[in-house]
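Participant: File name protein20.txt; file contents compact mmCIF, C-alpha atoms; full text below.
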```txt
# COMPACT_ATOMS: atom_id res chain seq x y z
CA MET D 1 157.08 166.45 6.39
CA SER D 2 156.12 163.35 4.49
CA ASP D 3 158.24 160.27 4.57
CA ASP D 4 159.29 160.77 0.97
CA MET D 5 160.62 164.23 1.80
CA LYS D 6 162.86 163.11 4.63
CA PRO D 7 166.58 163.06 3.97
CA THR D 8 167.70 159.47 3.73
CA THR D 9 171.01 157.86 4.38
CA ASP D 10 172.49 155.62 1.72
CA GLN D 11 171.66 152.56 3.81
CA THR D 12 168.03 153.60 4.15
CA ARG D 13 167.80 154.34 0.45
CA PHE D 14 169.33 150.94 -0.27
CA GLU D 15 166.84 149.11 1.96
CA GLN D 16 163.89 151.01 0.49
CA LEU D 17 164.83 150.28 -3.09
CA LEU D 18 166.00 146.71 -2.64
CA PRO D 19 162.62 144.93 -3.18
CA PHE D 20 162.21 146.74 -6.51
CA TYR D 21 165.86 146.33 -7.51
CA ILE D 22 165.27 142.58 -7.46
CA THR D 23 162.33 142.87 -9.86
CA HIS D 24 164.10 145.38 -12.15
CA ASN D 25 161.56 148.08 -11.39
CA LEU D 26 163.96 150.96 -10.73
CA SER D 27 165.00 153.98 -12.73
CA ASP D 28 168.48 153.97 -14.27
CA GLU D 29 169.70 156.33 -11.55
CA ASP D 30 168.38 154.19 -8.68
CA ARG D 31 169.69 151.02 -10.29
CA GLY D 32 173.13 152.61 -10.65
CA PHE D 33 173.08 153.59 -6.99
CA MET D 34 172.10 150.05 -5.94
CA GLN D 35 174.84 148.43 -8.00
CA THR D 36 177.49 150.73 -6.57
CA TYR D 37 176.20 150.32 -3.01
CA ILE D 38 176.12 146.53 -3.23
CA ALA D 39 179.59 146.44 -4.78
CA THR D 40 181.07 148.51 -1.95
CA HIS D 41 179.17 147.13 1.08
CA PRO D 42 179.50 143.44 1.95
CA ASP D 43 176.45 143.60 4.24
CA ALA D 44 174.37 145.00 1.39
CA LYS D 45 175.28 141.97 -0.68
CA LYS D 46 173.97 139.69 2.10
CA ALA D 47 170.79 141.74 2.39
CA ALA D 48 170.26 141.51 -1.37
CA HIS D 49 170.81 137.75 -1.24
CA PHE D 50 168.28 137.44 1.59
CA ALA D 51 165.69 139.52 -0.26
CA GLU D 52 166.21 137.57 -3.49
CA ARG D 53 165.62 134.33 -1.67
CA LEU D 54 162.44 135.65 -0.10
CA SER D 55 161.18 136.95 -3.43
CA ARG D 56 161.80 133.54 -5.01
CA ILE D 57 159.74 131.87 -2.30
CA VAL D 58 156.90 134.34 -2.80
CA ARG D 59 157.06 133.83 -6.58
CA ASN D 60 156.93 130.07 -6.11
CA THR D 61 153.76 130.19 -4.03
CA GLY D 62 151.46 127.49 -5.34
CA THR D 63 153.86 126.05 -7.92
CA ASN D 64 153.69 122.63 -6.25
CA ARG D 65 149.92 122.33 -6.60
CA ASN D 66 147.91 120.71 -9.39
CA PRO D 67 145.80 123.38 -11.09
CA GLU D 68 144.13 120.79 -13.37
CA ALA D 69 142.35 119.14 -10.45
CA ALA D 70 141.06 122.51 -9.32
CA LEU D 71 139.90 123.32 -12.86
CA ASN D 72 138.00 120.05 -13.19
CA ARG D 73 136.30 120.70 -9.90
CA LEU D 74 135.41 124.23 -10.95
CA LEU D 75 133.86 123.02 -14.23
CA ALA D 76 131.97 120.26 -12.44
CA ASP D 77 130.55 122.78 -9.96
CA TYR D 78 129.86 125.29 -12.71
CA GLN D 79 127.63 123.16 -14.93
CA PRO D 80 124.89 122.16 -12.48
CA ARG D 81 124.70 125.69 -11.15
CA HIS D 82 124.61 127.22 -14.57
CA ARG D 83 120.92 127.50 -15.30
CA MET D 84 120.04 130.66 -17.14
CA SER D 85 116.55 131.70 -18.06
CA LEU D 86 115.67 132.31 -21.71
CA ILE D 87 115.71 136.06 -21.08
CA GLN D 88 119.18 135.86 -19.48
CA ARG D 89 120.47 133.86 -22.44
CA LEU D 90 118.96 136.32 -24.87
CA LYS D 91 120.53 139.21 -22.99
CA ALA D 92 123.91 137.48 -22.95
CA LYS D 93 123.66 136.71 -26.67
CA LEU D 94 122.82 140.32 -27.45
CA ARG D 95 125.72 141.51 -25.30
CA SER D 96 128.04 139.14 -27.16
CA LEU D 97 126.90 140.88 -30.37
CA GLY D 98 127.59 144.26 -28.82
CA ILE D 99 123.89 145.19 -28.58
CA SER D 100 122.47 146.43 -25.29
CA PRO D 101 118.91 145.29 -24.40
CA PRO D 102 117.40 148.82 -24.75
CA LEU D 103 119.00 149.15 -28.17
CA ALA D 104 117.62 145.75 -29.15
CA ILE D 105 114.10 146.82 -28.17
CA ALA D 106 114.44 150.05 -30.15
CA LEU D 107 115.66 148.11 -33.20
CA LEU D 108 112.78 145.66 -32.85
CA VAL D 109 110.24 148.50 -32.83
CA ILE D 110 111.84 150.14 -35.88
CA VAL D 111 111.93 146.86 -37.82
CA GLY D 112 108.32 146.10 -36.82
CA GLN D 113 107.18 149.49 -38.04
CA GLY D 114 109.09 149.00 -41.28
CA ILE D 115 107.42 145.65 -41.90
CA GLY D 116 104.01 147.11 -41.12
CA TYR D 117 104.54 150.03 -43.47
CA THR D 118 105.74 147.78 -46.30
CA ALA D 119 102.85 145.38 -45.79
CA HIS D 120 100.42 148.27 -45.97
CA LYS D 121 101.99 149.65 -49.15
CA MET D 122 102.10 146.27 -50.88
CA ASN D 123 98.69 145.16 -49.62
CA TRP D 124 100.12 141.91 -48.20
CA PHE D 125 97.05 141.30 -46.13
CA GLY D 126 94.55 141.78 -48.96
CA THR D 127 92.80 144.68 -47.34
CA ASP D 128 92.63 146.87 -50.37
CA LYS D 129 91.07 150.06 -49.20
CA GLU D 130 89.41 150.59 -52.58
CA SER D 131 87.63 147.25 -52.37
CA VAL D 132 85.44 148.40 -49.55
CA VAL D 133 84.68 151.78 -51.00
CA SER D 134 82.42 151.66 -53.98
CA PRO D 135 82.84 154.02 -56.87
CA ALA D 136 80.23 156.76 -56.77
CA GLU D 137 78.53 155.76 -60.02
CA ALA D 138 78.22 152.03 -59.23
CA ASP D 139 74.79 150.57 -58.47
CA LEU D 140 75.81 147.00 -57.73
CA SER D 141 78.78 145.16 -56.33
CA ILE D 142 79.12 141.58 -57.46
CA THR D 143 81.52 139.13 -55.83
CA LEU D 144 82.33 136.35 -58.23
CA LYS D 145 83.05 132.77 -57.28
CA ARG D 146 86.58 131.54 -57.63
CA GLY D 147 87.38 130.77 -61.29
CA ALA D 148 84.09 132.26 -62.53
CA GLU D 149 83.77 132.89 -66.27
CA MET D 150 83.65 136.64 -66.77
CA GLY D 151 82.31 136.35 -70.34
CA ALA D 152 78.88 135.12 -69.18
CA VAL D 153 78.61 137.95 -66.66
CA VAL D 154 79.49 140.58 -69.24
CA THR D 155 76.88 139.17 -71.67
CA ILE D 156 74.15 139.43 -69.02
CA LEU D 157 75.25 142.96 -68.08
CA GLU D 158 75.07 144.12 -71.73
CA LYS D 159 71.65 142.53 -72.11
CA TYR D 160 70.32 144.70 -69.24
CA GLY D 161 72.11 147.87 -70.31
CA ALA D 162 74.65 147.70 -67.48
CA SER D 163 78.40 148.08 -67.54
CA ILE D 164 81.40 147.40 -65.29
CA VAL D 165 82.78 150.65 -63.88
CA HIS D 166 85.38 149.22 -61.56
CA SER D 167 86.83 145.92 -60.45
CA THR D 168 89.17 144.69 -57.72
CA ALA D 169 90.96 141.46 -57.11
CA ALA D 170 92.27 140.34 -53.73
CA GLY D 171 93.80 136.91 -53.96
CA ASP D 172 91.36 134.68 -55.80
CA VAL D 173 88.33 136.83 -54.99
CA GLN D 174 87.20 139.11 -57.76
CA LYS D 175 84.72 141.85 -57.24
CA ILE D 176 83.10 144.00 -59.91
CA PHE D 177 81.14 147.22 -59.58
CA VAL D 178 78.34 147.68 -62.02
CA SER D 179 76.36 150.69 -63.17
CA ILE D 180 72.97 150.40 -64.79
CA ILE D 181 71.21 153.17 -66.72
CA ASP D 182 67.63 152.01 -66.19
CA LYS D 183 67.24 151.50 -62.44
CA ALA D 184 63.97 149.68 -63.03
CA ARG D 185 65.93 146.82 -64.57
CA LEU D 186 68.14 146.44 -61.52
CA GLN D 187 66.22 143.60 -59.88
CA PRO D 188 65.82 141.56 -63.12
CA LEU D 189 69.60 141.98 -63.63
CA ILE D 190 70.33 140.67 -60.14
CA ASP D 191 68.04 137.68 -60.71
CA ALA D 192 69.73 136.88 -64.02
CA ILE D 193 73.20 137.06 -62.53
CA MET D 194 72.28 134.90 -59.55
CA GLU D 195 70.89 132.31 -61.93
CA LEU D 196 74.28 131.97 -63.55
CA GLY D 197 75.55 130.23 -60.38
CA ILE D 198 78.98 131.81 -60.63
CA VAL D 199 78.34 134.60 -58.19
CA ASP D 200 78.96 134.54 -54.46
CA SER D 201 77.02 137.65 -53.62
CA VAL D 202 75.37 140.68 -55.13
CA ALA D 203 74.90 143.89 -53.19
CA VAL D 204 72.92 146.94 -54.12
CA LEU D 205 74.91 150.10 -53.39
CA LEU D 206 72.83 152.91 -52.01
CA MET R 1 151.10 138.43 -14.86
CA LYS R 2 149.41 140.78 -17.30
CA ASP R 3 145.68 141.01 -17.78
CA LEU R 4 144.16 139.53 -20.94
CA PRO R 5 143.51 142.17 -23.62
CA ALA R 6 140.24 143.98 -22.86
CA LYS R 7 138.45 142.85 -26.02
CA GLU R 8 139.44 139.22 -25.61
CA LEU R 9 138.47 139.32 -21.96
CA GLN R 10 135.04 140.80 -22.72
CA LYS R 11 134.44 138.18 -25.38
CA LEU R 12 135.35 135.41 -22.94
CA LEU R 13 133.08 136.85 -20.25
CA ASN R 14 130.20 137.00 -22.74
CA LEU R 15 130.81 133.37 -23.66
CA ILE R 16 130.89 132.44 -19.99
CA ALA R 17 127.49 134.10 -19.58
CA LEU R 18 126.26 131.76 -22.32
CA GLY R 19 127.65 128.74 -20.44
CA ASP R 20 130.83 128.17 -22.43
CA ASN R 21 133.20 125.82 -20.57
CA LYS R 22 136.11 126.60 -22.85
CA ALA R 23 135.94 130.28 -21.92
CA VAL R 24 135.90 129.39 -18.22
CA GLU R 25 138.97 127.25 -18.77
CA THR R 26 140.82 130.03 -20.61
CA ILE R 27 140.13 132.58 -17.89
CA TYR R 28 141.01 130.10 -15.16
CA ARG R 29 144.30 129.06 -16.74
CA HIS R 30 145.35 132.66 -17.19
CA TYR R 31 144.57 133.89 -13.67
CA GLN R 32 144.60 130.89 -11.34
CA ALA R 33 148.29 131.00 -10.34
CA SER R 34 148.14 134.65 -9.42
CA VAL R 35 144.85 134.42 -7.55
CA TYR R 36 145.97 131.28 -5.73
CA ALA R 37 149.18 133.00 -4.56
CA PHE R 38 147.17 136.02 -3.44
CA ILE R 39 144.90 133.76 -1.40
CA ARG R 40 147.59 131.46 -0.06
CA LEU R 41 149.62 134.39 1.23
CA ARG R 42 146.57 135.44 3.23
CA VAL R 43 145.26 132.19 4.70
CA ARG R 44 148.32 130.07 5.55
CA ASP R 45 146.50 126.86 4.62
CA ASP R 46 146.90 125.05 1.29
CA GLN R 47 143.58 123.25 1.46
CA ALA R 48 141.67 126.35 2.45
CA ALA R 49 143.41 128.30 -0.32
CA GLU R 50 142.13 125.76 -2.88
CA GLU R 51 138.60 126.05 -1.52
CA ILE R 52 138.73 129.82 -1.60
CA LEU R 53 140.16 129.79 -5.12
CA ASN R 54 137.27 127.61 -6.29
CA ASP R 55 134.72 129.89 -4.59
CA THR R 56 136.37 132.98 -6.05
CA PHE R 57 136.21 131.71 -9.63
CA MET R 58 132.71 130.37 -9.09
CA ILE R 59 131.50 133.81 -8.00
CA ALA R 60 133.28 135.43 -10.95
CA ILE R 61 131.93 133.08 -13.62
CA GLN R 62 128.40 133.09 -12.27
CA LYS R 63 128.19 136.87 -12.48
CA PRO R 64 130.56 137.86 -15.28
CA ALA R 65 128.43 140.89 -16.14
CA GLN R 66 129.33 142.41 -12.78
CA TYR R 67 132.83 143.09 -14.05
CA ASN R 68 132.45 146.56 -15.53
CA GLY R 69 135.97 146.99 -16.89
CA THR R 70 136.88 149.99 -14.74
CA SER R 71 139.65 148.02 -13.02
CA GLU R 72 141.97 145.25 -14.15
CA PHE R 73 140.24 141.87 -14.17
CA LYS R 74 143.02 140.54 -11.93
CA THR R 75 142.26 143.29 -9.41
CA TRP R 76 138.56 142.41 -9.57
CA LEU R 77 139.31 138.72 -8.97
CA CYS R 78 141.62 139.54 -6.06
CA GLY R 79 138.86 141.73 -4.60
CA ILE R 80 136.48 138.76 -4.68
CA ALA R 81 139.20 136.51 -3.22
CA LYS R 82 139.82 139.02 -0.44
CA ASN R 83 136.14 138.93 0.54
CA VAL R 84 136.00 135.15 0.44
CA CYS R 85 139.19 135.00 2.55
CA GLY R 86 137.56 137.36 5.04
CA THR R 87 134.52 135.12 5.32
CA TRP R 88 136.73 132.08 5.77
CA MET R 89 138.82 133.78 8.45
CA ARG R 90 135.73 134.84 10.38
CA LYS R 91 134.49 131.26 10.28
CA GLN R 92 137.83 129.96 11.49
CA ASN R 93 138.11 132.52 14.26
CA SER R 94 141.38 131.00 15.28
CA GLY R 95 145.00 131.96 15.59
CA LEU R 96 145.69 130.36 12.26
CA ALA R 97 143.84 133.11 10.51
CA ARG R 98 145.61 135.89 12.36
CA SER R 99 149.16 137.04 12.05
CA ILE R 100 151.45 135.77 14.72
CA VAL R 101 153.83 138.67 14.84
CA GLU R 102 153.07 142.30 15.50
CA ILE R 103 154.85 144.79 13.29
CA ASN R 104 155.08 148.47 13.88
CA GLU R 105 154.25 150.45 10.75
CA GLU R 106 156.83 153.13 11.71
CA VAL R 107 159.09 154.25 8.92
CA PHE R 108 162.86 154.16 8.86
CA ASP R 109 163.58 156.37 11.83
CA ASN R 110 165.60 153.82 13.68
CA LEU R 111 166.81 151.33 11.20
CA PRO R 112 167.55 148.00 12.82
CA SER R 113 170.38 145.85 11.59
CA PRO R 114 169.02 142.37 11.03
CA ASP R 115 171.31 139.45 10.49
CA TRP R 116 170.80 139.03 6.74
CA ASP R 117 173.51 136.41 6.57
CA ILE R 118 171.41 133.89 8.46
CA VAL R 119 170.00 132.31 5.30
CA SER R 120 173.39 131.25 4.07
CA ARG R 121 173.83 128.95 7.04
CA LEU R 122 171.36 126.26 6.00
CA GLU R 123 170.79 123.96 3.09
CA SER R 124 168.44 125.42 0.53
CA GLN R 125 165.30 123.30 1.00
CA GLU R 126 165.38 123.39 4.77
CA MET R 127 165.83 127.15 4.79
CA ASP R 128 163.07 127.63 2.21
CA ASP R 129 160.64 125.77 4.48
CA VAL R 130 161.61 127.95 7.42
CA LEU R 131 161.34 131.13 5.38
CA ARG R 132 157.91 130.09 4.08
CA GLU R 133 156.73 129.48 7.64
CA CYS R 134 158.09 132.87 8.71
CA ILE R 135 156.36 134.61 5.78
CA ASP R 136 153.12 132.92 6.84
CA GLN R 137 153.42 134.51 10.26
CA LEU R 138 153.49 138.07 8.93
CA PRO R 139 150.43 140.32 9.03
CA VAL R 140 148.25 140.19 5.92
CA THR R 141 149.15 143.78 4.97
CA HIS R 142 152.84 142.84 4.73
CA LYS R 143 152.20 139.62 2.83
CA GLU R 144 150.01 141.55 0.43
CA ALA R 145 152.89 143.98 -0.18
CA PHE R 146 155.12 140.98 -0.93
CA PHE R 147 152.53 139.61 -3.33
CA TRP R 148 152.22 142.74 -5.48
CA THR R 149 155.96 143.50 -5.30
CA TRP R 150 157.43 140.06 -5.83
CA PHE R 151 154.76 137.82 -7.29
CA GLU R 152 153.26 140.39 -9.62
CA GLU R 153 156.55 142.32 -9.87
CA GLU R 154 154.87 145.70 -9.97
CA PRO R 155 156.61 149.08 -9.50
CA MET R 156 156.42 150.67 -6.06
CA GLU R 157 153.99 153.40 -7.18
CA ILE R 158 151.51 150.79 -8.38
CA VAL R 159 151.91 148.72 -5.22
CA ALA R 160 151.21 151.84 -3.13
CA GLU R 161 148.15 152.58 -5.25
CA ARG R 162 146.83 149.06 -4.91
CA LEU R 163 147.30 149.02 -1.15
CA GLU R 164 145.98 152.57 -0.85
CA CYS R 165 148.85 153.89 1.23
CA PRO R 166 151.79 156.29 0.73
CA LEU R 167 155.03 155.16 -0.90
CA GLY R 168 156.86 155.53 2.41
CA THR R 169 154.51 153.06 4.07
CA ILE R 170 155.11 150.50 1.33
CA LYS R 171 158.88 150.90 1.64
CA SER R 172 158.84 150.56 5.41
CA ARG R 173 156.37 147.69 5.24
CA LEU R 174 158.62 145.75 2.90
CA PHE R 175 161.70 146.44 4.99
CA ASN R 176 160.03 145.63 8.32
CA ALA R 177 158.65 142.40 6.88
CA ARG R 178 162.14 141.32 5.80
CA ALA R 179 163.58 142.26 9.17
CA LYS R 180 160.85 140.28 10.96
CA ILE R 181 161.51 137.26 8.81
CA ALA R 182 165.23 137.45 9.61
CA ASP R 183 164.30 137.57 13.32
CA CYS R 184 161.90 134.69 12.87
CA VAL R 185 164.53 132.53 11.19
CA LYS R 186 167.02 133.34 13.91
CA GLY R 187 164.43 132.46 16.55
CA VAL R 188 163.73 129.09 14.93
CA PHE R 189 167.37 128.04 15.11
CA GLU R 190 168.09 129.51 18.51
CA SER R 191 165.23 127.48 19.98
CA GLU R 192 166.55 124.23 18.54
CA PRO R 193 168.59 122.04 20.81
CA ALA R 194 172.30 122.23 20.14
CA TYR R 195 173.66 118.90 18.92
CA VAL R 196 177.26 118.19 19.58
```
Mind turning this structure into structure tokens?

Facilitator:
Amino acid sequence: MSDDMKPTTDQTRFEQLLPFYITHNLSDEDRGFMQTYIATHPDAKKAAHFAERLSRIVRNTGTNRNPEAALNRLLADYQPRHRMSLIQRLKAKLRSLGISPPLAIALLVIVGQGIGYTAHKMNWFGTDKESVVSPAEADLSITLKRGAEMGAVVTILEKYGASIVHSTAAGDVQKIFVSIIDKARLQPLIDAIMELGIVDSVAVLL
Amino acid sequence: MKDLPAKELQKLLNLIALGDNKAVETIYRHYQASVYAFIRLRVRDDQAAEEILNDTFMIAIQKPAQYNGTSEFKTWLCGIAKNVCGTWMRKQNSGLARSIVEINEEVFDNLPSPDWDIVSRLESQEMDDVLRECIDQLPVTHKEAFFWTWFEEEPMEIVAERLECPLGTIKSRLFNARAKIADCVKGVFESEPAYV
């Protein structure tokens, strides 16, 4: 039989409940019993007085000390010891934002992929796919110098029976693709264009 | 003393991890009295209690992420304090660290009748000093029951849960401790020379 199941005398019940009677942690029924018992037993009143005095001493433990001195010491000890690595600080910062490190890595990957995809779509890096693939009908690719006058180039092209079939621009660099009907006039056309001095390079497309 | 609200506590612990002094101060001010009393009731030495309190908070604020929120923060701090007290007591290895009286954990089979009236015979301050000394002489288990019952003012079910023992043990422990203190007080005055 457990202790709680044993029949108890009123005195035993009183002694068992007394510590919690003092702190007002009893049910209404137990509190009623305690009040009646104390009122009718002079010894119970003395026991209650004794227990109250003990509880006051326990409650007053440490009230005569100076917690400020201890706090100052704690803070003084804390600062020199507190040396966190960059990773630890980053982790702590993320935690303070409610983000766990694995989640942060996942977010970083997603954002990185998003930036990469957008950059590709908007051609941020100037790597226009079409610029490196020549149109099928073009015979020449001509890279013009920055700020080159297109009018002079067009005049030369017309003179040799050639025409622009495609052009690209990446930043300041302009590239044109040229088709010529009479292939025998290809080399004289290249020579004429190079003489203009406004062309960076001319490439024959095979 | 109630725990800080969970959200506020977590925020403070995160700030402490970032090196925030103000957060350390807030946590310290809220818990220091309780943790000090818990320690002081175990070690019987004011100076040592201060040292252990400092070590306890230092451990807590250096590894705030180790608090996982499954228990009350106060309970977690007292757990650290208990370990630090244990280390201190092993280092001391002296009678100071041990209880002076032996108390049988038997329940109320043969209820003694202590002289509860003894405290009314002395002036308040003098008697308080004697009572404090007699409390100090109790075993740690009994002082710990006093702490949770009277300092923290917790219900008996919670005290039993904290001390991991049946309700009956807590009741008998609290009674036996009071009876031993009454004996101790009586012993102090009986050993004094009688002045005429």

Participant: Residues of chain R within 6 Å of chain D, counting all atoms listed in the file, what are they? List them as an MDAnalysis selection string.

Facilitator: chainID R and resid 14 17 37 116:117 150:151 153 155 168 171

Participant: Given the choices D:Asn64, D:Gln35, D:Gly116, D:Ile176, which gets closest to Asp46 in chain R if the distance is worked out from only C-alpha atoms?

Facilitator: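 Nearest to Asp46 in chain R: D:Asn64.
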
Participant: Just want the 10 Å neighbourhood of Arg162 in chain R, counted on all atoms listed in the file, with same-chain residues fewer than 5 positions away dropped. Output as a VMD selection string.

Facilitator: chain R and resid 75 144 to 145 148 156 to 157

Participant: Quote the spacing between CA of Gly69 in chain R and CA of Lys2 in chain R in Å to one decimal place.

Facilitator: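 That distance, rounded to one decimal, is 14.8 Å.
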
Participant: Could you check the closest approach to Lys175 in chain D for each of D:Asp30, D:Asp200, D:Glu149, D:Glu158 and tell me which residue wins, using all atoms listed in the file?

Facilitator: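 For Lys175 in chain D, the nearest of the given residues is D:Asp200.
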
Participant: Would you mind listing what lies within 9 Å of Gly147 in chain D as an NGL selection string, with only C-alpha atoms counted and same-chain residues fewer than 6 positions away left out?

Facilitator: :D and (172-173 or 198)

Participant: Using CA of Ser71 in chain R and CA of Ser172 in chain R as the two end points, give the distance in Å to one decimal.

Facilitator: 26.7 Å

Participant: Nearest to Leu140 in chain D among D:Thr36, D:Asn66, D:Thr168, D:Gln187, with distances taken over only C-alpha atoms: which residue is it?

Facilitator: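 Counting only C-alpha atoms, the residue closest to Leu140 in chain D is D:Gln187.
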
Participant: Do you have the CA of Cys134 in chain R-CA of Phe14 in chain D distance handy?

Facilitator: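 CA of Phe14 in chain D lies 23.1 Å from CA of Cys134 in chain R.
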
Participant: Using all atoms listed in the file, can you tell me which of R:Leu167, R:Val35, R:Ile27, R:Ile135 comes closest to Leu12 in chain R?

Facilitator: R:Ile27

Participant: Could you pull out every residue with an atom within 10 Å of (130.0, 133.5, -20.4), file coordinates, counting all atoms listed in the file, and send them as a list in words?

Facilitator: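 In the file's frame, the residues around the point are Arg89, Ala92, Lys93 and Ser96 of chain D; Gln10, Lys11, Leu12, Leu13, Asn14, Leu15, Ile16, Ala17, Leu18, Gly19, Asp20, Asn21, Lys22, Ala23, Val24, Ile61, Gln62, Lys63, Pro64 and Ala65 of chain R.
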
Participant: Given the choices D:Ala184, D:Asp139, D:Ile38, D:Val204, which gets closest to Ser163 in chain D if the distance is worked out from all atoms listed in the file?

Facilitator: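 Smallest distance to Ser163 in chain D is found for D:Asp139.
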
Participant: Could you list, as a VMD selection string, every residue within 9 Å of Tyr31 in chain R, counting only C-alpha atoms and ignoring same-chain residues fewer than 3 positions away?

Facilitator: chain R and resid 1 3 26 to 28 34 to 36 74 77

Participant: Counting all atoms listed in the file, which residue out of R:Leu53, R:Ile118, R:Ile59, R:Ile39 sits closest to Ile181 in chain R?

Facilitator: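 Closest residue, counting all atoms listed in the file: R:Ile118.
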
Participant: Need the neighbours of (72.1, 141.1, -63.9): which residues are at most 8 Å away, counting all atoms listed in the file, as a count of residues only?

Facilitator: 14

Participant: Missing atoms in range 30-42 of chain D: can you complete it with N, CA and C atoms, as a PDB file, keeping the file's coordinate frame?

Facilitator:
```pdb
ATOM      1  N   ASP D  30     168.496 155.015  -9.892  1.00  0.00           N
ATOM      2  CA  ASP D  30     168.380 154.190  -8.680  1.00  0.00           C
ATOM      3  C   ASP D  30     169.123 152.855  -8.857  1.00  0.00           C
ATOM      4  N   ARG D  31     169.013 152.302 -10.058  1.00  0.00           N
ATOM      5  CA  ARG D  31     169.690 151.020 -10.290  1.00  0.00           C
ATOM      6  C   ARG D  31     171.205 151.206 -10.190  1.00  0.00           C
ATOM      7  N   GLY D  32     171.700 152.304 -10.721  1.00  0.00           N
ATOM      8  CA  GLY D  32     173.130 152.610 -10.650  1.00  0.00           C
ATOM      9  C   GLY D  32     173.591 152.739  -9.198  1.00  0.00           C
ATOM     10  N   PHE D  33     172.759 153.437  -8.417  1.00  0.00           N
ATOM     11  CA  PHE D  33     173.080 153.590  -6.990  1.00  0.00           C
ATOM     12  C   PHE D  33     173.160 152.217  -6.317  1.00  0.00           C
ATOM     13  N   MET D  34     172.168 151.373  -6.593  1.00  0.00           N
ATOM     14  CA  MET D  34     172.100 150.050  -5.940  1.00  0.00           C
ATOM     15  C   MET D  34     173.329 149.215  -6.308  1.00  0.00           C
ATOM     16  N   GLN D  35     173.691 149.244  -7.575  1.00  0.00           N
ATOM     17  CA  GLN D  35     174.840 148.430  -8.000  1.00  0.00           C
ATOM     18  C   GLN D  35     176.129 148.886  -7.313  1.00  0.00           C
ATOM     19  N   THR D  36     176.288 150.194  -7.221  1.00  0.00           N
ATOM     20  CA  THR D  36     177.490 150.730  -6.570  1.00  0.00           C
ATOM     21  C   THR D  36     177.481 150.374  -5.083  1.00  0.00           C
ATOM     22  N   TYR D  37     176.300 150.553  -4.457  1.00  0.00           N
ATOM     23  CA  TYR D  37     176.200 150.320  -3.010  1.00  0.00           C
ATOM     24  C   TYR D  37     176.487 148.842  -2.685  1.00  0.00           C
ATOM     25  N   ILE D  38     175.908 147.964  -3.485  1.00  0.00           N
ATOM     26  CA  ILE D  38     176.120 146.530  -3.230  1.00  0.00           C
ATOM     27  C   ILE D  38     177.595 146.159  -3.445  1.00  0.00           C
ATOM     28  N   ALA D  39     178.191 146.750  -4.465  1.00  0.00           N
ATOM     29  CA  ALA D  39     179.590 146.440  -4.780  1.00  0.00           C
ATOM     30  C   ALA D  39     180.539 146.900  -3.681  1.00  0.00           C
ATOM     31  N   THR D  40     180.143 147.939  -2.946  1.00  0.00           N
ATOM     32  CA  THR D  40     181.070 148.510  -1.950  1.00  0.00           C
ATOM     33  C   THR D  40     180.703 148.164  -0.505  1.00  0.00           C
ATOM     34  N   HIS D  41     179.583 147.486  -0.296  1.00  0.00           N
ATOM     35  CA  HIS D  41     179.170 147.130   1.080  1.00  0.00           C
ATOM     36  C   HIS D  41     178.885 145.632   1.166  1.00  0.00           C
ATOM     37  N   PRO D  42     179.714 144.890   1.830  1.00  0.00           N
ATOM     38  CA  PRO D  42     179.500 143.440   1.950  1.00  0.00           C
ATOM     39  C   PRO D  42     178.150 143.103   2.600  1.00  0.00           C
TER      40      PRO D  42
END
```
